[in-house]
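Visitor: Sending over final_25.pdb (PDB, N, CA and C atoms).
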ATOM      1  N   MET A1118     102.995 205.161 160.821
ATOM      2  CA  MET A1118     104.171 204.318 160.729
ATOM      3  C   MET A1118     104.262 203.476 162.006
ATOM      4  N   ASP A1119     104.506 202.194 161.852
ATOM      5  CA  ASP A1119     104.584 201.329 163.029
ATOM      6  C   ASP A1119     105.920 201.498 163.756
ATOM      7  N   ILE A1120     106.013 200.915 164.921
ATOM      8  CA  ILE A1120     107.184 201.083 165.784
ATOM      9  C   ILE A1120     108.458 200.568 165.121
ATOM     10  N   LEU A1121     108.407 199.395 164.482
ATOM     11  CA  LEU A1121     109.601 198.848 163.835
ATOM     12  C   LEU A1121     110.112 199.800 162.760
ATOM     13  N   ARG A1122     109.224 200.316 161.924
ATOM     14  CA  ARG A1122     109.640 201.249 160.878
ATOM     15  C   ARG A1122     110.262 202.515 161.480
ATOM     16  N   LYS A1123     109.685 203.021 162.548
ATOM     17  CA  LYS A1123     110.234 204.211 163.209
ATOM     18  C   LYS A1123     111.640 203.943 163.735
ATOM     19  N   LYS A1124     111.817 202.789 164.362
ATOM     20  CA  LYS A1124     113.135 202.437 164.892
ATOM     21  C   LYS A1124     114.155 202.293 163.767
ATOM     22  N   LEU A1125     113.758 201.621 162.691
ATOM     23  CA  LEU A1125     114.676 201.424 161.572
ATOM     24  C   LEU A1125     115.010 202.739 160.889
ATOM     25  N   LEU A1126     114.039 203.616 160.783
ATOM     26  CA  LEU A1126     114.285 204.933 160.189
ATOM     27  C   LEU A1126     115.321 205.696 161.011
ATOM     28  N   PHE A1127     115.156 205.693 162.308
ATOM     29  CA  PHE A1127     116.111 206.383 163.176
ATOM     30  C   PHE A1127     117.491 205.741 163.086
ATOM     31  N   ARG A1128     117.547 204.423 163.245
ATOM     32  CA  ARG A1128     118.840 203.720 163.246
ATOM     33  C   ARG A1128     119.560 203.815 161.912
ATOM     34  N   SER A1129     118.811 203.868 160.820
ATOM     35  CA  SER A1129     119.451 203.931 159.503
ATOM     36  C   SER A1129     120.070 205.295 159.225
ATOM     37  N   SER A1130     119.600 206.327 159.890
ATOM     38  CA  SER A1130     120.136 207.665 159.638
ATOM     39  C   SER A1130     120.963 208.215 160.806
ATOM     40  N   HIS A1131     121.207 207.383 161.801
ATOM     41  CA  HIS A1131     122.040 207.762 162.946
ATOM     42  C   HIS A1131     123.035 206.634 163.227
ATOM     43  N   ARG A1132     123.892 206.371 162.262
ATOM     44  CA  ARG A1132     124.805 205.241 162.330
ATOM     45  C   ARG A1132     126.113 205.566 163.036
ATOM     46  N   GLY A1133     126.652 206.720 162.740
ATOM     47  CA  GLY A1133     127.962 207.061 163.293
ATOM     48  C   GLY A1133     128.874 207.656 162.233
ATOM     49  N   THR A1134     128.721 207.200 160.994
ATOM     50  CA  THR A1134     129.475 207.825 159.905
ATOM     51  C   THR A1134     128.487 208.502 158.966
ATOM     52  N   LYS A1135     128.860 209.670 158.523
ATOM     53  CA  LYS A1135     127.986 210.477 157.667
ATOM     54  C   LYS A1135     127.621 209.716 156.387
ATOM     55  N   GLU A1136     128.589 209.012 155.809
ATOM     56  CA  GLU A1136     128.347 208.289 154.558
ATOM     57  C   GLU A1136     127.255 207.239 154.716
ATOM     58  N   MET A1137     127.353 206.443 155.771
ATOM     59  CA  MET A1137     126.354 205.392 155.985
ATOM     60  C   MET A1137     125.019 205.985 156.417
ATOM     61  N   ASP A1138     125.059 207.097 157.170
ATOM     62  CA  ASP A1138     123.810 207.788 157.523
ATOM     63  C   ASP A1138     123.058 208.170 156.254
ATOM     64  N   ILE A1139     123.796 208.729 155.299
ATOM     65  CA  ILE A1139     123.174 209.183 154.049
ATOM     66  C   ILE A1139     122.693 208.001 153.217
ATOM     67  N   LEU A1140     123.566 207.019 152.979
ATOM     68  CA  LEU A1140     123.201 205.890 152.112
ATOM     69  C   LEU A1140     122.057 205.057 152.689
ATOM     70  N   LEU A1141     122.200 204.635 153.925
ATOM     71  CA  LEU A1141     121.166 203.785 154.528
ATOM     72  C   LEU A1141     119.909 204.574 154.859
ATOM     73  N   GLY A1142     120.096 205.794 155.335
ATOM     74  CA  GLY A1142     118.945 206.625 155.688
ATOM     75  C   GLY A1142     118.077 206.964 154.491
ATOM     76  N   THR A1143     118.697 207.384 153.391
ATOM     77  CA  THR A1143     117.897 207.729 152.211
ATOM     78  C   THR A1143     117.285 206.488 151.571
ATOM     79  N   PHE A1144     118.014 205.370 151.579
ATOM     80  CA  PHE A1144     117.437 204.129 151.060
ATOM     81  C   PHE A1144     116.166 203.789 151.836
ATOM     82  N   PHE A1145     116.258 203.843 153.155
ATOM     83  CA  PHE A1145     115.098 203.475 153.956
ATOM     84  C   PHE A1145     113.964 204.476 153.782
ATOM     85  N   LYS A1146     114.268 205.761 153.777
ATOM     86  CA  LYS A1146     113.229 206.782 153.595
ATOM     87  C   LYS A1146     112.511 206.608 152.261
ATOM     88  N   ASP A1147     113.258 206.258 151.225
ATOM     89  CA  ASP A1147     112.665 206.093 149.897
ATOM     90  C   ASP A1147     111.907 204.778 149.734
ATOM     91  N   ASN A1148     112.169 203.806 150.603
ATOM     92  CA  ASN A1148     111.592 202.470 150.423
ATOM     93  C   ASN A1148     110.785 201.928 151.590
ATOM     94  N   TYR A1149     110.730 202.630 152.714
ATOM     95  CA  TYR A1149     110.144 202.019 153.916
ATOM     96  C   TYR A1149     108.698 201.601 153.738
ATOM     97  N   ASP A1150     107.949 202.342 152.947
ATOM     98  CA  ASP A1150     106.542 201.975 152.756
ATOM     99  C   ASP A1150     106.370 200.841 151.749
ATOM    100  N   LEU A1151     107.440 200.493 151.041
ATOM    101  CA  LEU A1151     107.395 199.408 150.057
ATOM    102  C   LEU A1151     107.882 198.077 150.626
ATOM    103  N   LEU A1152     108.531 198.123 151.781
ATOM    104  CA  LEU A1152     109.129 196.917 152.350
ATOM    105  C   LEU A1152     108.106 196.105 153.136
ATOM    106  N   ASN A1153     108.116 194.795 152.893
ATOM    107  CA  ASN A1153     107.243 193.914 153.665
ATOM    108  C   ASN A1153     107.933 193.537 154.981
ATOM    109  N   GLU A1154     107.257 192.780 155.798
ATOM    110  CA  GLU A1154     107.777 192.426 157.126
ATOM    111  C   GLU A1154     109.120 191.698 157.041
ATOM    112  N   LYS A1155     109.241 190.764 156.115
ATOM    113  CA  LYS A1155     110.492 190.013 155.946
ATOM    114  C   LYS A1155     111.631 190.955 155.575
ATOM    115  N   GLU A1156     111.370 191.872 154.659
ATOM    116  CA  GLU A1156     112.400 192.818 154.225
ATOM    117  C   GLU A1156     112.781 193.783 155.345
ATOM    118  N   LEU A1157     111.819 194.166 156.156
ATOM    119  CA  LEU A1157     112.125 195.025 157.301
ATOM    120  C   LEU A1157     113.064 194.314 158.271
ATOM    121  N   LEU A1158     112.810 193.039 158.512
ATOM    122  CA  LEU A1158     113.675 192.271 159.411
ATOM    123  C   LEU A1158     115.061 192.073 158.805
ATOM    124  N   GLU A1159     115.120 191.901 157.489
ATOM    125  CA  GLU A1159     116.417 191.793 156.816
ATOM    126  C   GLU A1159     117.179 193.114 156.910
ATOM    127  N   PHE A1160     116.475 194.225 156.748
ATOM    128  CA  PHE A1160     117.116 195.532 156.865
ATOM    129  C   PHE A1160     117.646 195.727 158.285
ATOM    130  N   LYS A1161     116.895 195.250 159.258
ATOM    131  CA  LYS A1161     117.345 195.317 160.652
ATOM    132  C   LYS A1161     118.661 194.551 160.814
ATOM    133  N   LEU A1162     118.778 193.398 160.150
ATOM    134  CA  LEU A1162     120.037 192.640 160.175
ATOM    135  C   LEU A1162     121.179 193.447 159.568
ATOM    136  N   LEU A1163     120.906 194.125 158.453
ATOM    137  CA  LEU A1163     121.938 194.959 157.825
ATOM    138  C   LEU A1163     122.435 196.034 158.783
ATOM    139  N   LEU A1164     121.524 196.587 159.562
ATOM    140  CA  LEU A1164     121.900 197.654 160.480
ATOM    141  C   LEU A1164     122.783 197.157 161.621
ATOM    142  N   MET A1165     122.852 195.856 161.817
ATOM    143  CA  MET A1165     123.717 195.286 162.850
ATOM    144  C   MET A1165     125.160 195.149 162.365
ATOM    145  N   ILE A1166     125.369 195.303 161.080
ATOM    146  CA  ILE A1166     126.708 195.194 160.499
ATOM    147  C   ILE A1166     127.421 196.530 160.670
ATOM    148  N   THR A1167     128.704 196.478 160.940
ATOM    149  CA  THR A1167     129.461 197.709 161.184
ATOM    150  C   THR A1167     129.490 198.604 159.949
ATOM    151  N   ASP A1168     129.632 199.903 160.203
ATOM    152  CA  ASP A1168     129.747 200.859 159.102
ATOM    153  C   ASP A1168     130.945 200.529 158.220
ATOM    154  N   LYS A1169     132.041 200.125 158.832
ATOM    155  CA  LYS A1169     133.258 199.786 158.076
ATOM    156  C   LYS A1169     132.985 198.642 157.106
ATOM    157  N   ALA A1170     132.358 197.584 157.587
ATOM    158  CA  ALA A1170     132.067 196.434 156.722
ATOM    159  C   ALA A1170     131.097 196.817 155.612
ATOM    160  N   LEU A1171     130.059 197.584 155.947
ATOM    161  CA  LEU A1171     129.097 198.017 154.928
ATOM    162  C   LEU A1171     129.747 198.938 153.906
ATOM    163  N   SER A1172     130.584 199.839 154.376
ATOM    164  CA  SER A1172     131.282 200.760 153.480
ATOM    165  C   SER A1172     132.220 200.000 152.549
ATOM    166  N   ASP A1173     132.981 199.072 153.102
ATOM    167  CA  ASP A1173     133.881 198.260 152.272
ATOM    168  C   ASP A1173     133.100 197.504 151.205
ATOM    169  N   TRP A1174     131.952 196.984 151.564
ATOM    170  CA  TRP A1174     131.122 196.214 150.633
ATOM    171  C   TRP A1174     130.444 197.113 149.607
ATOM    172  N   LEU A1175     129.812 198.194 150.064
ATOM    173  CA  LEU A1175     129.031 199.064 149.181
ATOM    174  C   LEU A1175     129.892 199.982 148.322
ATOM    175  N   ILE A1176     130.867 200.615 148.941
ATOM    176  CA  ILE A1176     131.641 201.644 148.256
ATOM    177  C   ILE A1176     132.911 201.081 147.635
ATOM    178  N   MET A1177     133.605 200.239 148.378
ATOM    179  CA  MET A1177     134.881 199.701 147.903
ATOM    180  C   MET A1177     134.719 198.423 147.078
ATOM    181  N   GLY A1178     133.536 197.831 147.108
ATOM    182  CA  GLY A1178     133.276 196.637 146.312
ATOM    183  C   GLY A1178     133.905 195.365 146.843
ATOM    184  N   LYS A1179     134.261 195.359 148.127
ATOM    185  CA  LYS A1179     134.873 194.160 148.710
ATOM    186  C   LYS A1179     133.838 193.054 148.866
ATOM    187  N   ASN A1180     134.307 191.832 148.754
ATOM    188  CA  ASN A1180     133.454 190.661 148.902
ATOM    189  C   ASN A1180     133.045 190.509 150.370
ATOM    190  N   ALA A1181     131.759 190.284 150.605
ATOM    191  CA  ALA A1181     131.257 190.108 151.971
ATOM    192  C   ALA A1181     130.063 189.164 151.944
ATOM    193  N   PRO A1182     130.327 187.849 151.963
ATOM    194  CA  PRO A1182     129.234 186.874 151.907
ATOM    195  C   PRO A1182     128.193 187.054 153.004
ATOM    196  N   GLU A1183     128.615 187.504 154.193
ATOM    197  CA  GLU A1183     127.657 187.697 155.289
ATOM    198  C   GLU A1183     126.651 188.799 154.966
ATOM    199  N   ILE A1184     127.040 189.733 154.095
ATOM    200  CA  ILE A1184     126.116 190.781 153.656
ATOM    201  C   ILE A1184     125.337 190.298 152.435
ATOM    202  N   ASP A1185     126.025 189.674 151.496
ATOM    203  CA  ASP A1185     125.364 189.180 150.283
ATOM    204  C   ASP A1185     124.258 188.179 150.591
ATOM    205  N   ASN A1186     124.382 187.467 151.698
ATOM    206  CA  ASN A1186     123.376 186.468 152.074
ATOM    207  C   ASN A1186     122.086 187.088 152.599
ATOM    208  N   ILE A1187     122.102 188.377 152.864
ATOM    209  CA  ILE A1187     120.897 189.084 153.300
ATOM    210  C   ILE A1187     120.219 189.607 152.038
ATOM    211  N   GLU A1188     119.068 189.084 151.730
ATOM    212  CA  GLU A1188     118.392 189.343 150.453
ATOM    213  C   GLU A1188     118.239 190.832 150.130
ATOM    214  N   ILE A1189     117.874 191.633 151.096
ATOM    215  CA  ILE A1189     117.629 193.057 150.821
ATOM    216  C   ILE A1189     118.915 193.812 150.471
ATOM    217  N   SER A1190     120.068 193.216 150.747
ATOM    218  CA  SER A1190     121.333 193.878 150.415
ATOM    219  C   SER A1190     121.465 194.114 148.916
ATOM    220  N   LYS A1191     120.913 193.217 148.116
ATOM    221  CA  LYS A1191     120.956 193.388 146.656
ATOM    222  C   LYS A1191     120.181 194.640 146.252
ATOM    223  N   ARG A1192     119.048 194.836 146.873
ATOM    224  CA  ARG A1192     118.219 196.012 146.599
ATOM    225  C   ARG A1192     118.932 197.299 147.030
ATOM    226  N   LEU A1193     119.597 197.244 148.161
ATOM    227  CA  LEU A1193     120.361 198.391 148.649
ATOM    228  C   LEU A1193     121.481 198.733 147.675
ATOM    229  N   LYS A1194     122.205 197.727 147.220
ATOM    230  CA  LYS A1194     123.318 197.969 146.298
ATOM    231  C   LYS A1194     122.806 198.569 144.988
ATOM    232  N   GLU A1195     121.712 198.050 144.457
ATOM    233  CA  GLU A1195     121.121 198.608 143.233
ATOM    234  C   GLU A1195     120.724 200.066 143.443
ATOM    235  N   TYR A1196     120.156 200.366 144.589
ATOM    236  CA  TYR A1196     119.736 201.728 144.918
ATOM    237  C   TYR A1196     120.945 202.666 144.929
ATOM    238  N   VAL A1197     122.019 202.247 145.566
ATOM    239  CA  VAL A1197     123.219 203.080 145.662
ATOM    240  C   VAL A1197     123.828 203.301 144.284
ATOM    241  N   ILE A1198     123.863 202.266 143.447
ATOM    242  CA  ILE A1198     124.411 202.402 142.093
ATOM    243  C   ILE A1198     123.567 203.368 141.277
ATOM    244  N   LYS A1199     122.254 203.216 141.305
ATOM    245  CA  LYS A1199     121.368 204.126 140.561
ATOM    246  C   LYS A1199     121.536 205.562 141.032
ATOM    247  N   ARG A1200     121.646 205.726 142.326
ATOM    248  CA  ARG A1200     121.820 207.069 142.895
ATOM    249  C   ARG A1200     123.144 207.688 142.443
ATOM    250  N   ALA A1201     124.192 206.881 142.395
ATOM    251  CA  ALA A1201     125.500 207.377 141.959
ATOM    252  C   ALA A1201     125.471 207.765 140.483
ATOM    253  N   LEU A1202     124.749 206.999 139.674
ATOM    254  CA  LEU A1202     124.674 207.292 138.242
ATOM    255  C   LEU A1202     123.902 208.576 137.961
ATOM    256  N   LYS A1203     122.960 208.922 138.840
ATOM    257  CA  LYS A1203     122.190 210.159 138.673
ATOM    258  C   LYS A1203     123.065 211.389 138.879
ATOM    259  N   ASN A1204     124.058 211.260 139.753
ATOM    260  CA  ASN A1204     124.909 212.413 140.099
ATOM    261  C   ASN A1204     126.087 212.482 139.229
TER     262      ASN A1204
END
What does this structure look like when you write it as structure tokens?

Guide:
Amino acid sequence: MDILRKKLLFRSSHRGTKEMDILLGTFFKDNYDLLNEKELLEFKLLLMITDKALSDWLIMGKNAPEIDNIEISKRLKEYVIKRALKN
């Protein structure tokens, strides 16, 4: 695993809130080997967004154009929905 992937893996599962640690961490663990360089950089951008904003967008369904404009966010949202439907 390259350095960027290692950093993103750590940062995605050590956010500060348990909910975001689980959602972002498992998404990245399940997809890190499938993501290309552009998607990795987009995921890095997502990690710069606060847990509150991500939670409001992902869990509460609030509108957040700054998140929607990051292409990989659509993939993350689909992943979270599929995961919720399994449980």

Visitor: Can you pull out every residue from region 1149-1193 of chain A that DSSP, working from the backbone, puts in helix (DSSP H, G or I), and format the result as a VMD selection string?

Guide: chain A and resid 1154 to 1164 1168 to 1175 1182 to 1185 1189 to 1193

Visitor: Those residues with N, CA and C atoms, as a PDB file, in the coordinates of the input please?

Guide:
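And here's selection-v9.pdb as it stands now:
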ATOM      1  N   GLU A1154     107.257 192.780 155.798  1.00  0.00           N
ATOM      2  CA  GLU A1154     107.777 192.426 157.126  1.00  0.00           C
ATOM      3  C   GLU A1154     109.120 191.698 157.041  1.00  0.00           C
ATOM      4  N   LYS A1155     109.241 190.764 156.115  1.00  0.00           N
ATOM      5  CA  LYS A1155     110.492 190.013 155.946  1.00  0.00           C
ATOM      6  C   LYS A1155     111.631 190.955 155.575  1.00  0.00           C
ATOM      7  N   GLU A1156     111.370 191.872 154.659  1.00  0.00           N
ATOM      8  CA  GLU A1156     112.400 192.818 154.225  1.00  0.00           C
ATOM      9  C   GLU A1156     112.781 193.783 155.345  1.00  0.00           C
ATOM     10  N   LEU A1157     111.819 194.166 156.156  1.00  0.00           N
ATOM     11  CA  LEU A1157     112.125 195.025 157.301  1.00  0.00           C
ATOM     12  C   LEU A1157     113.064 194.314 158.271  1.00  0.00           C
ATOM     13  N   LEU A1158     112.810 193.039 158.512  1.00  0.00           N
ATOM     14  CA  LEU A1158     113.675 192.271 159.411  1.00  0.00           C
ATOM     15  C   LEU A1158     115.061 192.073 158.805  1.00  0.00           C
ATOM     16  N   GLU A1159     115.120 191.901 157.489  1.00  0.00           N
ATOM     17  CA  GLU A1159     116.417 191.793 156.816  1.00  0.00           C
ATOM     18  C   GLU A1159     117.179 193.114 156.910  1.00  0.00           C
ATOM     19  N   PHE A1160     116.475 194.225 156.748  1.00  0.00           N
ATOM     20  CA  PHE A1160     117.116 195.532 156.865  1.00  0.00           C
ATOM     21  C   PHE A1160     117.646 195.727 158.285  1.00  0.00           C
ATOM     22  N   LYS A1161     116.895 195.250 159.258  1.00  0.00           N
ATOM     23  CA  LYS A1161     117.345 195.317 160.652  1.00  0.00           C
ATOM     24  C   LYS A1161     118.661 194.551 160.814  1.00  0.00           C
ATOM     25  N   LEU A1162     118.778 193.398 160.150  1.00  0.00           N
ATOM     26  CA  LEU A1162     120.037 192.640 160.175  1.00  0.00           C
ATOM     27  C   LEU A1162     121.179 193.447 159.568  1.00  0.00           C
ATOM     28  N   LEU A1163     120.906 194.125 158.453  1.00  0.00           N
ATOM     29  CA  LEU A1163     121.938 194.959 157.825  1.00  0.00           C
ATOM     30  C   LEU A1163     122.435 196.034 158.783  1.00  0.00           C
ATOM     31  N   LEU A1164     121.524 196.587 159.562  1.00  0.00           N
ATOM     32  CA  LEU A1164     121.900 197.654 160.480  1.00  0.00           C
ATOM     33  C   LEU A1164     122.783 197.157 161.621  1.00  0.00           C
ATOM     34  N   ASP A1168     129.632 199.903 160.203  1.00  0.00           N
ATOM     35  CA  ASP A1168     129.747 200.859 159.102  1.00  0.00           C
ATOM     36  C   ASP A1168     130.945 200.529 158.220  1.00  0.00           C
ATOM     37  N   LYS A1169     132.041 200.125 158.832  1.00  0.00           N
ATOM     38  CA  LYS A1169     133.258 199.786 158.076  1.00  0.00           C
ATOM     39  C   LYS A1169     132.985 198.642 157.106  1.00  0.00           C
ATOM     40  N   ALA A1170     132.358 197.584 157.587  1.00  0.00           N
ATOM     41  CA  ALA A1170     132.067 196.434 156.722  1.00  0.00           C
ATOM     42  C   ALA A1170     131.097 196.817 155.612  1.00  0.00           C
ATOM     43  N   LEU A1171     130.059 197.584 155.947  1.00  0.00           N
ATOM     44  CA  LEU A1171     129.097 198.017 154.928  1.00  0.00           C
ATOM     45  C   LEU A1171     129.747 198.938 153.906  1.00  0.00           C
ATOM     46  N   SER A1172     130.584 199.839 154.376  1.00  0.00           N
ATOM     47  CA  SER A1172     131.282 200.760 153.480  1.00  0.00           C
ATOM     48  C   SER A1172     132.220 200.000 152.549  1.00  0.00           C
ATOM     49  N   ASP A1173     132.981 199.072 153.102  1.00  0.00           N
ATOM     50  CA  ASP A1173     133.881 198.260 152.272  1.00  0.00           C
ATOM     51  C   ASP A1173     133.100 197.504 151.205  1.00  0.00           C
ATOM     52  N   TRP A1174     131.952 196.984 151.564  1.00  0.00           N
ATOM     53  CA  TRP A1174     131.122 196.214 150.633  1.00  0.00           C
ATOM     54  C   TRP A1174     130.444 197.113 149.607  1.00  0.00           C
ATOM     55  N   LEU A1175     129.812 198.194 150.064  1.00  0.00           N
ATOM     56  CA  LEU A1175     129.031 199.064 149.181  1.00  0.00           C
ATOM     57  C   LEU A1175     129.892 199.982 148.322  1.00  0.00           C
ATOM     58  N   PRO A1182     130.327 187.849 151.963  1.00  0.00           N
ATOM     59  CA  PRO A1182     129.234 186.874 151.907  1.00  0.00           C
ATOM     60  C   PRO A1182     128.193 187.054 153.004  1.00  0.00           C
ATOM     61  N   GLU A1183     128.615 187.504 154.193  1.00  0.00           N
ATOM     62  CA  GLU A1183     127.657 187.697 155.289  1.00  0.00           C
ATOM     63  C   GLU A1183     126.651 188.799 154.966  1.00  0.00           C
ATOM     64  N   ILE A1184     127.040 189.733 154.095  1.00  0.00           N
ATOM     65  CA  ILE A1184     126.116 190.781 153.656  1.00  0.00           C
ATOM     66  C   ILE A1184     125.337 190.298 152.435  1.00  0.00           C
ATOM     67  N   ASP A1185     126.025 189.674 151.496  1.00  0.00           N
ATOM     68  CA  ASP A1185     125.364 189.180 150.283  1.00  0.00           C
ATOM     69  C   ASP A1185     124.258 188.179 150.591  1.00  0.00           C
ATOM     70  N   ILE A1189     117.874 191.633 151.096  1.00  0.00           N
ATOM     71  CA  ILE A1189     117.629 193.057 150.821  1.00  0.00           C
ATOM     72  C   ILE A1189     118.915 193.812 150.471  1.00  0.00           C
ATOM     73  N   SER A1190     120.068 193.216 150.747  1.00  0.00           N
ATOM     74  CA  SER A1190     121.333 193.878 150.415  1.00  0.00           C
ATOM     75  C   SER A1190     121.465 194.114 148.916  1.00  0.00           C
ATOM     76  N   LYS A1191     120.913 193.217 148.116  1.00  0.00           N
ATOM     77  CA  LYS A1191     120.956 193.388 146.656  1.00  0.00           C
ATOM     78  C   LYS A1191     120.181 194.640 146.252  1.00  0.00           C
ATOM     79  N   ARG A1192     119.048 194.836 146.873  1.00  0.00           N
ATOM     80  CA  ARG A1192     118.219 196.012 146.599  1.00  0.00           C
ATOM     81  C   ARG A1192     118.932 197.299 147.030  1.00  0.00           C
ATOM     82  N   LEU A1193     119.597 197.244 148.161  1.00  0.00           N
ATOM     83  CA  LEU A1193     120.361 198.391 148.649  1.00  0.00           C
ATOM     84  C   LEU A1193     121.481 198.733 147.675  1.00  0.00           C
TER      85      LEU A1193
END

Visitor: Axis-aligned box over every listed atom of region 1177-1181 of chain A, padded by 8 Å per side: centre and edges in Å to one decimal, as lines of an AutoDock Vina configuration file?

Guide:
center_x = 132.5
center_y = 194.7
center_z = 149.1
size_x = 20.8
size_y = 27.1
size_z = 21.7

Visitor: Excluding region 1173-1188 of chain A and its own-chain neighbours fewer than 3 positions away, which residues fall within 8 Å of it when counting only N, CA and C atoms? Please give them as an MDAnalysis selection string.

Guide: chainID A and resid 1156 1159:1160 1162:1163 1167:1170 1191:1194 1197

Visitor: Could you please determine the separation between atom N of Met1137 (chain A) and atom C of Leu1121 (chain A) in Å, to one decimal place?

Guide: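 So the answer is 19.8 Å.
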
Visitor: Which residue out of A:Lys1199, A:Lys1135, A:Arg1128, A:Lys1146 has the minimum interatomic distance to Lys1161 (chain A) when only C-alpha atoms are used?

Guide: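 Of A:Lys1199, A:Lys1135, A:Arg1128, A:Lys1146, the one nearest Lys1161 (chain A) is A:Arg1128, counting only C-alpha atoms.
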